[in-house]
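Okay, final15.pdb is below, PDB, C-alpha atoms, pLDDT in the B column:
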```
ATOM      1  CA  MET T   9     -19.844 -10.662  -9.254  1.00 84.00           C
ATOM      2  CA  ILE T  10     -16.214 -10.353  -8.104  1.00 91.00           C
ATOM      3  CA  PRO T  11     -13.861 -12.757  -9.944  1.00 94.00           C
ATOM      4  CA  VAL T  12     -12.118 -15.152  -7.533  1.00 95.00           C
ATOM      5  CA  LEU T  13      -8.571 -16.024  -8.622  1.00 97.00           C
ATOM      6  CA  TYR T  14      -7.770 -18.392  -5.748  1.00 96.00           C
ATOM      7  CA  GLN T  15      -9.401 -19.609  -2.574  1.00 95.00           C
ATOM      8  CA  ASP T  16      -8.617 -22.060   0.212  1.00 95.00           C
ATOM      9  CA  GLU T  17      -9.476 -22.163   3.912  1.00 94.00           C
ATOM     10  CA  HIS T  18      -6.854 -19.521   4.727  1.00 96.00           C
ATOM     11  CA  ILE T  19      -6.786 -16.910   1.945  1.00 96.00           C
ATOM     12  CA  LEU T  20      -8.975 -15.424  -0.754  1.00 96.00           C
ATOM     13  CA  VAL T  21      -7.490 -13.780  -3.861  1.00 97.00           C
ATOM     14  CA  VAL T  22      -9.787 -11.700  -6.064  1.00 97.00           C
ATOM     15  CA  ASN T  23      -9.587  -9.430  -9.098  1.00 97.00           C
ATOM     16  CA  LYS T  24     -10.940  -5.986  -8.160  1.00 97.00           C
ATOM     17  CA  PRO T  25     -12.568  -3.962 -10.935  1.00 96.00           C
ATOM     18  CA  PRO T  26     -11.725  -0.267 -11.295  1.00 96.00           C
ATOM     19  CA  GLY T  27     -14.088   2.181  -9.633  1.00 95.00           C
ATOM     20  CA  LEU T  28     -14.745   0.027  -6.557  1.00 96.00           C
ATOM     21  CA  LEU T  29     -13.434   0.822  -3.078  1.00 96.00           C
ATOM     22  CA  THR T  30     -11.433  -1.922  -1.358  1.00 95.00           C
ATOM     23  CA  ILE T  31     -12.818  -1.155   2.110  1.00 93.00           C
ATOM     24  CA  PRO T  32     -15.674   1.071   3.345  1.00 89.00           C
ATOM     25  CA  ASP T  33     -15.270   4.820   2.991  1.00 82.00           C
ATOM     26  CA  GLY T  34     -15.158   6.503   6.382  1.00 73.00           C
ATOM     27  CA  TYR T  35     -17.222   9.480   5.238  1.00 72.00           C
ATOM     28  CA  HIS T  36     -19.526   7.872   2.665  1.00 75.00           C
ATOM     29  CA  ARG T  37     -20.516   4.535   4.136  1.00 78.00           C
ATOM     30  CA  GLU T  38     -23.225   4.122   1.505  1.00 78.00           C
ATOM     31  CA  LEU T  39     -20.664   3.591  -1.265  1.00 88.00           C
ATOM     32  CA  PRO T  40     -20.143  -0.048  -2.295  1.00 91.00           C
ATOM     33  CA  ASP T  41     -16.817  -1.657  -1.441  1.00 92.00           C
ATOM     34  CA  LEU T  42     -15.033  -4.911  -2.161  1.00 94.00           C
ATOM     35  CA  LYS T  43     -14.872  -6.134   1.439  1.00 92.00           C
ATOM     36  CA  ASP T  44     -18.619  -5.770   2.002  1.00 91.00           C
ATOM     37  CA  LEU T  45     -19.399  -7.500  -1.287  1.00 90.00           C
ATOM     38  CA  LEU T  46     -17.189 -10.452  -0.329  1.00 91.00           C
ATOM     39  CA  THR T  47     -18.565 -10.631   3.203  1.00 85.00           C
ATOM     40  CA  SER T  48     -21.969 -11.485   1.770  1.00 77.00           C
ATOM     41  CA  GLY T  49     -20.467 -14.718   0.410  1.00 73.00           C
ATOM     42  CA  PHE T  50     -18.130 -15.531   3.300  1.00 76.00           C
ATOM     43  CA  LYS T  51     -18.620 -15.494   7.060  1.00 78.00           C
ATOM     44  CA  ARG T  52     -15.812 -12.968   7.457  1.00 90.00           C
ATOM     45  CA  VAL T  53     -12.822 -11.636   5.564  1.00 93.00           C
ATOM     46  CA  TRP T  54      -9.831  -9.773   7.013  1.00 95.00           C
ATOM     47  CA  THR T  55      -8.228  -6.925   5.082  1.00 95.00           C
ATOM     48  CA  VAL T  56      -4.536  -7.455   4.346  1.00 95.00           C
ATOM     49  CA  HIS T  57      -3.871  -4.624   1.888  1.00 95.00           C
ATOM     50  CA  ARG T  58      -5.844  -2.409  -0.449  1.00 93.00           C
ATOM     51  CA  LEU T  59      -5.874  -0.800  -3.875  1.00 96.00           C
ATOM     52  CA  ASP T  60      -7.010   2.703  -4.762  1.00 94.00           C
ATOM     53  CA  LYS T  61     -10.617   2.910  -5.877  1.00 95.00           C
ATOM     54  CA  CYS T  62      -9.542   3.696  -9.435  1.00 95.00           C
ATOM     55  CA  THR T  63      -6.957   0.866  -9.641  1.00 97.00           C
ATOM     56  CA  SER T  64      -7.896  -2.638 -10.756  1.00 97.00           C
ATOM     57  CA  GLY T  65      -6.291  -5.995 -10.080  1.00 98.00           C
ATOM     58  CA  ILE T  66      -5.220  -8.423  -7.378  1.00 98.00           C
ATOM     59  CA  VAL T  67      -6.378  -8.015  -3.795  1.00 97.00           C
ATOM     60  CA  ILE T  68      -5.748 -10.619  -1.084  1.00 97.00           C
ATOM     61  CA  PHE T  69      -7.965 -11.158   1.949  1.00 96.00           C
ATOM     62  CA  ALA T  70      -7.386 -13.484   4.893  1.00 96.00           C
ATOM     63  CA  LEU T  71     -10.070 -15.924   5.963  1.00 95.00           C
ATOM     64  CA  THR T  72      -8.672 -16.603   9.451  1.00 95.00           C
ATOM     65  CA  PRO T  73      -7.056 -14.393  12.119  1.00 96.00           C
ATOM     66  CA  LEU T  74      -3.822 -16.406  11.932  1.00 96.00           C
ATOM     67  CA  ALA T  75      -3.584 -16.000   8.159  1.00 97.00           C
ATOM     68  CA  HIS T  76      -4.308 -12.296   8.565  1.00 97.00           C
ATOM     69  CA  ARG T  77      -1.446 -11.836  11.021  1.00 97.00           C
ATOM     70  CA  ASN T  78       1.003 -13.796   8.865  1.00 97.00           C
ATOM     71  CA  LEU T  79       0.153 -11.941   5.659  1.00 97.00           C
ATOM     72  CA  CYS T  80       0.287  -8.545   7.361  1.00 96.00           C
ATOM     73  CA  ILE T  81       3.796  -9.342   8.605  1.00 96.00           C
ATOM     74  CA  GLN T  82       4.864 -10.220   5.051  1.00 95.00           C
ATOM     75  CA  PHE T  83       3.542  -6.874   3.829  1.00 93.00           C
ATOM     76  CA  GLU T  84       5.204  -4.990   6.683  1.00 91.00           C
ATOM     77  CA  LYS T  85       8.559  -6.673   6.071  1.00 90.00           C
ATOM     78  CA  ARG T  86       8.236  -6.261   2.281  1.00 90.00           C
ATOM     79  CA  SER T  87       9.103  -9.943   1.865  1.00 92.00           C
ATOM     80  CA  LEU T  88       6.551 -10.328  -0.903  1.00 92.00           C
ATOM     81  CA  HIS T  89       6.642  -8.893  -4.418  1.00 95.00           C
ATOM     82  CA  LYS T  90       3.980  -6.928  -6.279  1.00 96.00           C
ATOM     83  CA  THR T  91       3.994  -5.983  -9.949  1.00 98.00           C
ATOM     84  CA  TYR T  92       1.740  -3.388 -11.551  1.00 98.00           C
ATOM     85  CA  LEU T  93       0.922  -2.661 -15.179  1.00 98.00           C
ATOM     86  CA  ALA T  94       0.609   0.999 -16.135  1.00 97.00           C
ATOM     87  CA  LEU T  95       0.119   3.058 -19.262  1.00 95.00           C
ATOM     88  CA  ILE T  96       2.015   6.322 -18.940  1.00 95.00           C
ATOM     89  CA  GLN T  97       1.997   9.571 -20.875  1.00 93.00           C
ATOM     90  CA  GLY T  98       4.881  10.070 -23.299  1.00 92.00           C
ATOM     91  CA  VAL T  99       7.689   7.794 -24.418  1.00 93.00           C
ATOM     92  CA  LEU T 100      10.005   6.480 -21.724  1.00 93.00           C
ATOM     93  CA  PRO T 101      13.574   6.860 -23.057  1.00 89.00           C
ATOM     94  CA  LYS T 102      15.083   3.916 -21.127  1.00 92.00           C
ATOM     95  CA  ASP T 103      14.141   0.242 -21.094  1.00 96.00           C
ATOM     96  CA  THR T 104      14.619   0.047 -17.326  1.00 97.00           C
ATOM     97  CA  LEU T 105      14.558   2.727 -14.686  1.00 97.00           C
ATOM     98  CA  ILE T 106      14.921   2.898 -10.909  1.00 98.00           C
ATOM     99  CA  ILE T 107      13.170   5.811  -9.210  1.00 97.00           C
ATOM    100  CA  ASP T 108      14.467   6.337  -5.681  1.00 97.00           C
ATOM    101  CA  THR T 109      13.157   9.797  -4.847  1.00 97.00           C
ATOM    102  CA  PRO T 110      12.008  10.184  -1.200  1.00 97.00           C
ATOM    103  CA  LEU T 111       8.267  10.648  -0.767  1.00 97.00           C
ATOM    104  CA  LYS T 112       6.121  12.434   1.784  1.00 95.00           C
ATOM    105  CA  ILE T 113       2.555  11.210   2.305  1.00 94.00           C
ATOM    106  CA  ASN T 114      -0.154  13.881   2.528  1.00 88.00           C
ATOM    107  CA  GLY T 115       2.483  16.369   1.502  1.00 86.00           C
ATOM    108  CA  ASP T 116       0.383  19.154  -0.027  1.00 89.00           C
ATOM    109  CA  ARG T 117      -3.032  20.808   0.122  1.00 88.00           C
ATOM    110  CA  ARG T 118      -4.478  18.149  -2.178  1.00 89.00           C
ATOM    111  CA  HIS T 119      -3.358  15.416   0.244  1.00 91.00           C
ATOM    112  CA  ARG T 120      -1.086  13.880  -2.354  1.00 93.00           C
ATOM    113  CA  THR T 121       2.066  11.854  -1.841  1.00 95.00           C
ATOM    114  CA  VAL T 122       4.798  14.175  -3.080  1.00 94.00           C
ATOM    115  CA  PRO T 123       8.575  14.030  -3.619  1.00 94.00           C
ATOM    116  CA  ASN T 124      10.448  15.695  -0.776  1.00 94.00           C
ATOM    117  CA  LEU T 125      14.212  15.387  -0.620  1.00 92.00           C
ATOM    118  CA  LEU T 126      14.427  16.877   2.871  1.00 91.00           C
ATOM    119  CA  SER T 127      11.592  15.318   4.875  1.00 92.00           C
ATOM    120  CA  GLY T 128      10.441  12.492   2.621  1.00 94.00           C
ATOM    121  CA  LYS T 129      10.928   8.813   3.452  1.00 96.00           C
ATOM    122  CA  PRO T 130      13.094   6.542   1.261  1.00 96.00           C
ATOM    123  CA  ALA T 131      11.039   5.128  -1.608  1.00 97.00           C
ATOM    124  CA  LEU T 132      12.066   2.962  -4.533  1.00 97.00           C
ATOM    125  CA  THR T 133      10.179   1.867  -7.639  1.00 98.00           C
ATOM    126  CA  GLU T 134      11.593  -0.290 -10.439  1.00 98.00           C
ATOM    127  CA  ILE T 135      10.233   0.396 -13.946  1.00 98.00           C
ATOM    128  CA  VAL T 136      10.494  -1.840 -17.030  1.00 98.00           C
ATOM    129  CA  LYS T 137       9.336  -0.662 -20.458  1.00 97.00           C
ATOM    130  CA  GLN T 138       7.089  -3.139 -22.266  1.00 96.00           C
ATOM    131  CA  LYS T 139       5.678  -1.397 -25.364  1.00 93.00           C
ATOM    132  CA  THR T 140       5.593   2.088 -26.847  1.00 92.00           C
ATOM    133  CA  SER T 141       3.564   4.210 -29.236  1.00 89.00           C
ATOM    134  CA  PRO T 142       4.123   7.817 -30.342  1.00 87.00           C
ATOM    135  CA  CYS T 143       2.155   9.034 -27.303  1.00 89.00           C
ATOM    136  CA  PHE T 144       2.305   6.335 -24.635  1.00 92.00           C
ATOM    137  CA  THR T 145       4.508   3.768 -22.937  1.00 95.00           C
ATOM    138  CA  LEU T 146       3.251   0.550 -21.393  1.00 96.00           C
ATOM    139  CA  ILE T 147       5.346  -0.368 -18.357  1.00 97.00           C
ATOM    140  CA  THR T 148       5.505  -2.739 -15.432  1.00 98.00           C
ATOM    141  CA  ALA T 149       6.295  -1.192 -12.059  1.00 98.00           C
ATOM    142  CA  GLU T 150       7.502  -2.990  -8.950  1.00 97.00           C
ATOM    143  CA  PRO T 151       7.372  -0.924  -5.748  1.00 96.00           C
ATOM    144  CA  LYS T 152      10.126  -1.931  -3.344  1.00 95.00           C
ATOM    145  CA  THR T 153       8.583   0.228  -0.626  1.00 94.00           C
ATOM    146  CA  GLY T 154       4.894   0.481   0.105  1.00 89.00           C
ATOM    147  CA  TYR T 155       3.734   4.076   0.363  1.00 93.00           C
ATOM    148  CA  LEU T 156       0.330   5.402  -0.574  1.00 93.00           C
ATOM    149  CA  HIS T 157       0.236   6.365  -4.271  1.00 96.00           C
ATOM    150  CA  GLN T 158       3.948   5.575  -4.577  1.00 97.00           C
ATOM    151  CA  ILE T 159       3.891   4.506  -8.230  1.00 98.00           C
ATOM    152  CA  ARG T 160       1.620   7.393  -9.215  1.00 97.00           C
ATOM    153  CA  ALA T 161       3.811   9.946  -7.442  1.00 97.00           C
ATOM    154  CA  HIS T 162       7.091   8.579  -8.792  1.00 98.00           C
ATOM    155  CA  LEU T 163       5.881   8.448 -12.397  1.00 97.00           C
ATOM    156  CA  SER T 164       4.529  11.977 -12.149  1.00 96.00           C
ATOM    157  CA  TYR T 165       7.861  13.145 -10.720  1.00 96.00           C
ATOM    158  CA  ILE T 166       9.804  11.907 -13.775  1.00 96.00           C
ATOM    159  CA  GLY T 167       7.356  13.615 -16.133  1.00 94.00           C
ATOM    160  CA  HIS T 168       5.410  10.518 -17.223  1.00 95.00           C
ATOM    161  CA  PRO T 169       2.140  10.468 -15.250  1.00 96.00           C
ATOM    162  CA  ILE T 170      -0.218   7.536 -15.610  1.00 96.00           C
ATOM    163  CA  VAL T 171      -2.887   8.035 -18.278  1.00 94.00           C
ATOM    164  CA  ASN T 172      -6.017   9.602 -16.754  1.00 93.00           C
ATOM    165  CA  ASP T 173      -4.302  10.287 -13.426  1.00 95.00           C
ATOM    166  CA  PHE T 174      -5.386  13.926 -13.244  1.00 93.00           C
ATOM    167  CA  LEU T 175      -4.553  14.089  -9.518  1.00 94.00           C
ATOM    168  CA  TYR T 176      -0.886  13.502 -10.340  1.00 95.00           C
ATOM    169  CA  GLY T 177      -0.434  15.708 -13.366  1.00 89.00           C
ATOM    170  CA  PHE T 178      -1.871  13.899 -16.376  1.00 90.00           C
ATOM    171  CA  LYS T 179      -2.685  16.437 -19.104  1.00 84.00           C
ATOM    172  CA  SER T 180      -5.395  16.210 -21.716  1.00 79.00           C
ATOM    173  CA  LEU T 181      -4.101  14.641 -24.906  1.00 77.00           C
ATOM    174  CA  PRO T 182      -3.924  16.184 -28.372  1.00 75.00           C
ATOM    175  CA  ASP T 183      -6.375  14.767 -30.911  1.00 72.00           C
ATOM    176  CA  GLN T 184      -3.780  12.499 -32.535  1.00 72.00           C
ATOM    177  CA  CYS T 185      -3.090  10.881 -29.166  1.00 82.00           C
ATOM    178  CA  ASP T 186      -6.666  10.463 -27.988  1.00 75.00           C
ATOM    179  CA  PHE T 187      -7.210   7.478 -25.710  1.00 78.00           C
ATOM    180  CA  PRO T 188     -10.761   6.103 -25.433  1.00 72.00           C
ATOM    181  CA  ALA T 189     -10.710   4.615 -21.902  1.00 85.00           C
ATOM    182  CA  ALA T 190     -11.704   6.948 -19.064  1.00 89.00           C
ATOM    183  CA  ARG T 191     -10.253   4.891 -16.215  1.00 93.00           C
ATOM    184  CA  LEU T 192      -6.918   5.335 -14.450  1.00 96.00           C
ATOM    185  CA  MET T 193      -4.556   3.072 -16.377  1.00 96.00           C
ATOM    186  CA  LEU T 194      -3.018   1.259 -13.408  1.00 98.00           C
ATOM    187  CA  HIS T 195      -3.546  -2.459 -12.763  1.00 98.00           C
ATOM    188  CA  ALA T 196      -2.207  -4.722  -9.993  1.00 98.00           C
ATOM    189  CA  LEU T 197      -0.909  -7.497 -12.205  1.00 98.00           C
ATOM    190  CA  SER T 198       0.731 -10.049  -9.907  1.00 98.00           C
ATOM    191  CA  ILE T 199       1.815 -10.792  -6.371  1.00 97.00           C
ATOM    192  CA  SER T 200       4.111 -13.450  -4.953  1.00 97.00           C
ATOM    193  CA  LEU T 201       4.219 -14.464  -1.287  1.00 96.00           C
ATOM    194  CA  LYS T 202       4.473 -17.373   1.117  1.00 96.00           C
ATOM    195  CA  HIS T 203       1.271 -19.192   1.969  1.00 96.00           C
ATOM    196  CA  PRO T 204       0.430 -18.281   5.591  1.00 94.00           C
ATOM    197  CA  PHE T 205      -0.085 -21.934   6.586  1.00 93.00           C
ATOM    198  CA  SER T 206       2.100 -24.142   4.365  1.00 94.00           C
ATOM    199  CA  GLU T 207       4.756 -21.457   3.697  1.00 94.00           C
ATOM    200  CA  ALA T 208       4.803 -22.573   0.070  1.00 96.00           C
ATOM    201  CA  GLU T 209       5.865 -19.904  -2.425  1.00 96.00           C
ATOM    202  CA  MET T 210       2.788 -18.797  -4.382  1.00 97.00           C
ATOM    203  CA  VAL T 211       2.383 -16.482  -7.348  1.00 97.00           C
ATOM    204  CA  PHE T 212      -0.980 -15.021  -8.309  1.00 97.00           C
ATOM    205  CA  GLU T 213      -1.690 -13.201 -11.572  1.00 97.00           C
ATOM    206  CA  SER T 214      -4.740 -11.277 -12.706  1.00 97.00           C
ATOM    207  CA  PRO T 215      -5.984 -11.033 -16.296  1.00 96.00           C
ATOM    208  CA  ILE T 216      -4.841  -7.951 -18.189  1.00 95.00           C
ATOM    209  CA  PRO T 217      -7.824  -5.636 -18.805  1.00 95.00           C
ATOM    210  CA  GLU T 218      -8.788  -5.070 -22.442  1.00 92.00           C
ATOM    211  CA  GLU T 219      -7.960  -1.352 -22.196  1.00 91.00           C
ATOM    212  CA  PHE T 220      -4.271  -2.187 -21.913  1.00 90.00           C
ATOM    213  CA  SER T 221      -4.144  -4.197 -25.155  1.00 84.00           C
ATOM    214  CA  PHE T 222      -4.558  -1.330 -27.611  1.00 72.00           C
ATOM    215  CA  LEU T 223      -0.801  -1.288 -28.270  1.00 69.00           C
ATOM    216  CA  ASP T 224      -0.857  -4.915 -29.509  1.00 64.00           C
TER
END
```
For the structure just supplied, provide its representation as structure tokens.
Amino acid sequence: MIPVLYQDEHILVVNKPPGLLTIPDGYHRELPDLKDLLTSGFKRVWTVHRLDKCTSGIVIFALTPLAHRNLCIQFEKRSLHKTYLALIQGVLPKDTLIIDTPLKINGDRRHRTVPNLLSGKPALTEIVKQKTSPCFTLITAEPKTGYLHQIRAHLSYIGHPIVNDFLYGFKSLPDQCDFPAARLMLHALSISLKHPFSEAEMVFESPIPEEFSFLD
């Protein structure tokens, strides 16, 4: 059962588990996805944004066409704020960091988002260090632009890929740094926006998965 974080007649906010698609896969329609699972409990839901299959955390759906249009405009204008929690490889030397390297979507043979100073589009991610260990750093990341795999690509570019993100350069760990969780260590932690009907400022937060608490 998908945990519901908030619901009214206009919007639905849920906590997506890792390993589940947000919307149907165009090539493998038989794979389960979040939208289909929610549709079984609601007459209809409209997709506003999505998370990668391997990423957990907050996803917002609209329950009316008007709410869908309003929320999509907020995403397009970047007037809302999203914060992610990530465990990265290595020790980040600074407490805060701004990564503003231009990115190009589908920029290589592996269809990755890659840094490209010549033909990439402006991209900015703000990083704040939360906790460290000899092998890892726990960070929060706030993307100021909204490109596919932006956080993953930016962290890989600075030499600190997300733990278990083998697509973006994560390397197997030495025995003394072994990490038991197999999932990609990226979680959509919070999102703030204006309610599409009342225009009230709202902040939604998702519970931190247990895998992220090993540094406590």
Decode the PyMOL selection byres ((chain T and resi 195) around 8) for the given file into explicit residues and return them as an mmCIF file with C-alpha atoms, keeping the file's coordinate frame.
```cif
data_model
loop_
_atom_site.group_PDB
_atom_site.id
_atom_site.type_symbol
_atom_site.label_atom_id
_atom_site.label_comp_id
_atom_site.auth_asym_id
_atom_site.auth_seq_id
_atom_site.Cartn_x
_atom_site.Cartn_y
_atom_site.Cartn_z
ATOM 1 C CA THR T 63 -6.957 0.866 -9.641
ATOM 2 C CA SER T 64 -7.896 -2.638 -10.756
ATOM 3 C CA GLY T 65 -6.291 -5.995 -10.080
ATOM 4 C CA TYR T 92 1.740 -3.388 -11.551
ATOM 5 C CA LEU T 93 0.922 -2.661 -15.179
ATOM 6 C CA ALA T 94 0.609 0.999 -16.135
ATOM 7 C CA MET T 193 -4.556 3.072 -16.377
ATOM 8 C CA LEU T 194 -3.018 1.259 -13.408
ATOM 9 C CA ALA T 196 -2.207 -4.722 -9.993
ATOM 10 C CA LEU T 197 -0.909 -7.497 -12.205
ATOM 11 C CA ILE T 216 -4.841 -7.951 -18.189
#
```
Long-range neighbours of stretch 84-91 of chain T as a CSV table (one decimal) with C-alpha atoms, in the frame of the given file, 7 Å cut-off, only C-alpha atoms, 5 positions minimum in chain:
```
chain,number,residue,atom,x,y,z
T,148,THR,CA,5.5,-2.7,-15.4
T,149,ALA,CA,6.3,-1.2,-12.1
T,150,GLU,CA,7.5,-3.0,-9.0
T,151,PRO,CA,7.4,-0.9,-5.7
T,196,ALA,CA,-2.2,-4.7,-10.0
T,197,LEU,CA,-0.9,-7.5,-12.2
T,198,SER,CA,0.7,-10.0,-9.9
T,199,ILE,CA,1.8,-10.8,-6.4
T,200,SER,CA,4.1,-13.4,-5.0
T,201,LEU,CA,4.2,-14.5,-1.3
```
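In this comparison, which uses only C-alpha atoms, the residue of T:Asn78, T:Thr153, T:Thr133, T:Gln158 approaching T:Ile113 most closely is T:Gln158.
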Quiz prompt | atom CA of T:Leu95 to atom CA of T:Ile170, straight-line distance in Å | solution = 5.8 Å
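In this model, the gap between atom CA of T:Gln82 and atom CA of T:Ile19 comes to 13.8 Å.
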Exercise. Please provide the set of residues having any atom within 12 Å of T:Arg77, restricted to only C-alpha atoms, with same-chain residues fewer than 2 positions apart removed, written as a ChimeraX atom specification.
Key: /T:18-19,54-57,69-75,79-84,203-205
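Considering all atoms listed in the file, the residue among T:Leu125, T:Val171, T:Leu156, T:Val53 positioned nearest to T:Arg191 is T:Val171.
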Quiz item: For T:Gly154, which of T:Val99, T:Ala208, T:Leu192, T:Leu59 is the closest residue, counting only C-alpha atoms?
Solution: T:Leu59
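Computed from the coordinates, the atom CA of T:Phe187 to atom CA of T:His157 distance equals 22.7 Å.
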Quiz item: Using all atoms listed in the file, what residues lie at most 12 Å away from (-13.8, 0.7, -1.9) (file coordinates), given as number ranges by chain?
Solution: T: 24-46, 55, 57-64, 67
Practice problem: Tell me which of T:Glu219, T:Glu17, T:Glu213, T:Asp173 sits closest to T:Ala189, counting all atoms listed in the file. | Solution: T:Glu219
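When all atoms listed in the file are used to compute distances to T:Leu175, the closest of the residues T:Arg120, T:Leu126, T:Gln138, T:Arg52 turns out to be T:Arg120.
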Quiz item: Taking all atoms listed in the file into account, which of T:Asn114, T:Ser127, T:Ser141, T:Thr47 comes nearest T:Cys185?
Solution: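 Distance minimum relative to T:Cys185 lands on T:Ser141.
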What would the selection look like, as a short mmCIF file (atom, residue, chain, number, x, y, z; two decimals) with C-alpha atoms, in the coordinates of the input, if the PyMOL selection byres ((chain T and resi 140) around 10) were run on the coordinates I just shared?
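Saved as selection.cif:
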```cif
data_model
loop_
_atom_site.label_atom_id
_atom_site.label_comp_id
_atom_site.auth_asym_id
_atom_site.auth_seq_id
_atom_site.Cartn_x
_atom_site.Cartn_y
_atom_site.Cartn_z
CA LEU T 95 0.12 3.06 -19.26
CA ILE T 96 2.02 6.32 -18.94
CA GLY T 98 4.88 10.07 -23.30
CA VAL T 99 7.69 7.79 -24.42
CA LEU T 100 10.01 6.48 -21.72
CA LYS T 137 9.34 -0.66 -20.46
CA GLN T 138 7.09 -3.14 -22.27
CA LYS T 139 5.68 -1.40 -25.36
CA SER T 141 3.56 4.21 -29.24
CA PRO T 142 4.12 7.82 -30.34
CA CYS T 143 2.15 9.03 -27.30
CA PHE T 144 2.31 6.34 -24.64
CA THR T 145 4.51 3.77 -22.94
CA LEU T 146 3.25 0.55 -21.39
CA ILE T 147 5.35 -0.37 -18.36
CA LEU T 223 -0.80 -1.29 -28.27
CA ASP T 224 -0.86 -4.92 -29.51
#
```
So for stretch 122-126 of chain T, what box centre and size do we get, axis-aligned, 6 Å extra on each of the six sides, every listed atom, Å to one decimal, as JSON?
```
{"center_x": 9.6, "center_y": 15.5, "center_z": -0.4, "size_x": 21.6, "size_y": 14.8, "size_z": 18.5}
```
For stretch 29-87 of chain T in the structure I just supplied, write out C-alpha atoms - as a compact mmCIF listing (two decimals), in the first residue's frame.
```txt
# COMPACT_ATOMS: atom_id res chain seq x y z
CA LEU T 29 8.09 3.51 -11.55
CA THR T 30 6.17 6.78 -11.20
CA ILE T 31 4.29 6.36 -14.49
CA PRO T 32 3.92 3.43 -16.93
CA ASP T 33 6.99 2.36 -18.87
CA GLY T 34 6.51 2.91 -22.59
CA TYR T 35 8.27 -0.32 -23.54
CA HIS T 36 7.35 -2.58 -20.61
CA ARG T 37 3.74 -1.82 -19.84
CA GLU T 38 3.52 -4.88 -17.59
CA LEU T 39 5.76 -3.29 -14.95
CA PRO T 40 3.92 -1.86 -11.93
CA ASP T 41 3.88 1.91 -11.52
CA LEU T 42 2.75 4.41 -8.92
CA LYS T 43 0.09 6.10 -11.06
CA ASP T 44 -1.69 2.84 -11.88
CA LEU T 45 -1.61 1.74 -8.25
CA LEU T 46 -3.19 5.03 -7.16
CA THR T 47 -5.77 4.98 -9.93
CA SER T 48 -7.25 1.83 -8.42
CA GLY T 49 -8.17 3.88 -5.33
CA PHE T 50 -9.14 7.13 -7.06
CA LYS T 51 -11.28 7.85 -10.11
CA ARG T 52 -8.35 9.55 -11.83
CA VAL T 53 -5.02 11.13 -10.99
CA TRP T 54 -3.02 13.56 -13.14
CA THR T 55 0.77 13.37 -13.23
CA VAL T 56 2.50 16.59 -12.17
CA HIS T 57 6.10 15.41 -11.87
CA ARG T 58 7.97 12.16 -11.41
CA LEU T 59 10.87 10.51 -9.63
CA ASP T 60 13.32 7.99 -11.06
CA LYS T 61 12.35 4.39 -10.44
CA CYS T 62 15.24 3.96 -8.02
CA THR T 63 14.53 7.17 -6.06
CA SER T 64 12.14 7.24 -3.11
CA GLY T 65 10.13 10.05 -1.57
CA ILE T 66 7.50 12.69 -2.24
CA VAL T 67 5.41 12.64 -5.40
CA ILE T 68 2.44 14.96 -5.98
CA PHE T 69 -0.54 14.13 -8.18
CA ALA T 70 -3.46 16.38 -9.12
CA LEU T 71 -7.02 15.20 -8.62
CA THR T 72 -8.64 17.76 -10.95
CA PRO T 73 -7.67 19.23 -14.34
CA LEU T 74 -7.50 22.74 -12.86
CA ALA T 75 -5.16 21.63 -10.07
CA HIS T 76 -3.05 19.81 -12.64
CA ARG T 77 -2.63 22.94 -14.76
CA ASN T 78 -1.79 25.12 -11.76
CA LEU T 79 0.79 22.72 -10.34
CA CYS T 80 2.42 22.17 -13.73
CA ILE T 81 2.86 25.93 -14.11
CA GLN T 82 4.55 26.08 -10.69
CA PHE T 83 6.96 23.35 -11.77
CA GLU T 84 7.63 25.04 -15.11
CA LYS T 85 8.31 28.40 -13.48
CA ARG T 86 10.40 26.80 -10.71
CA SER T 87 8.37 28.74 -8.13
```
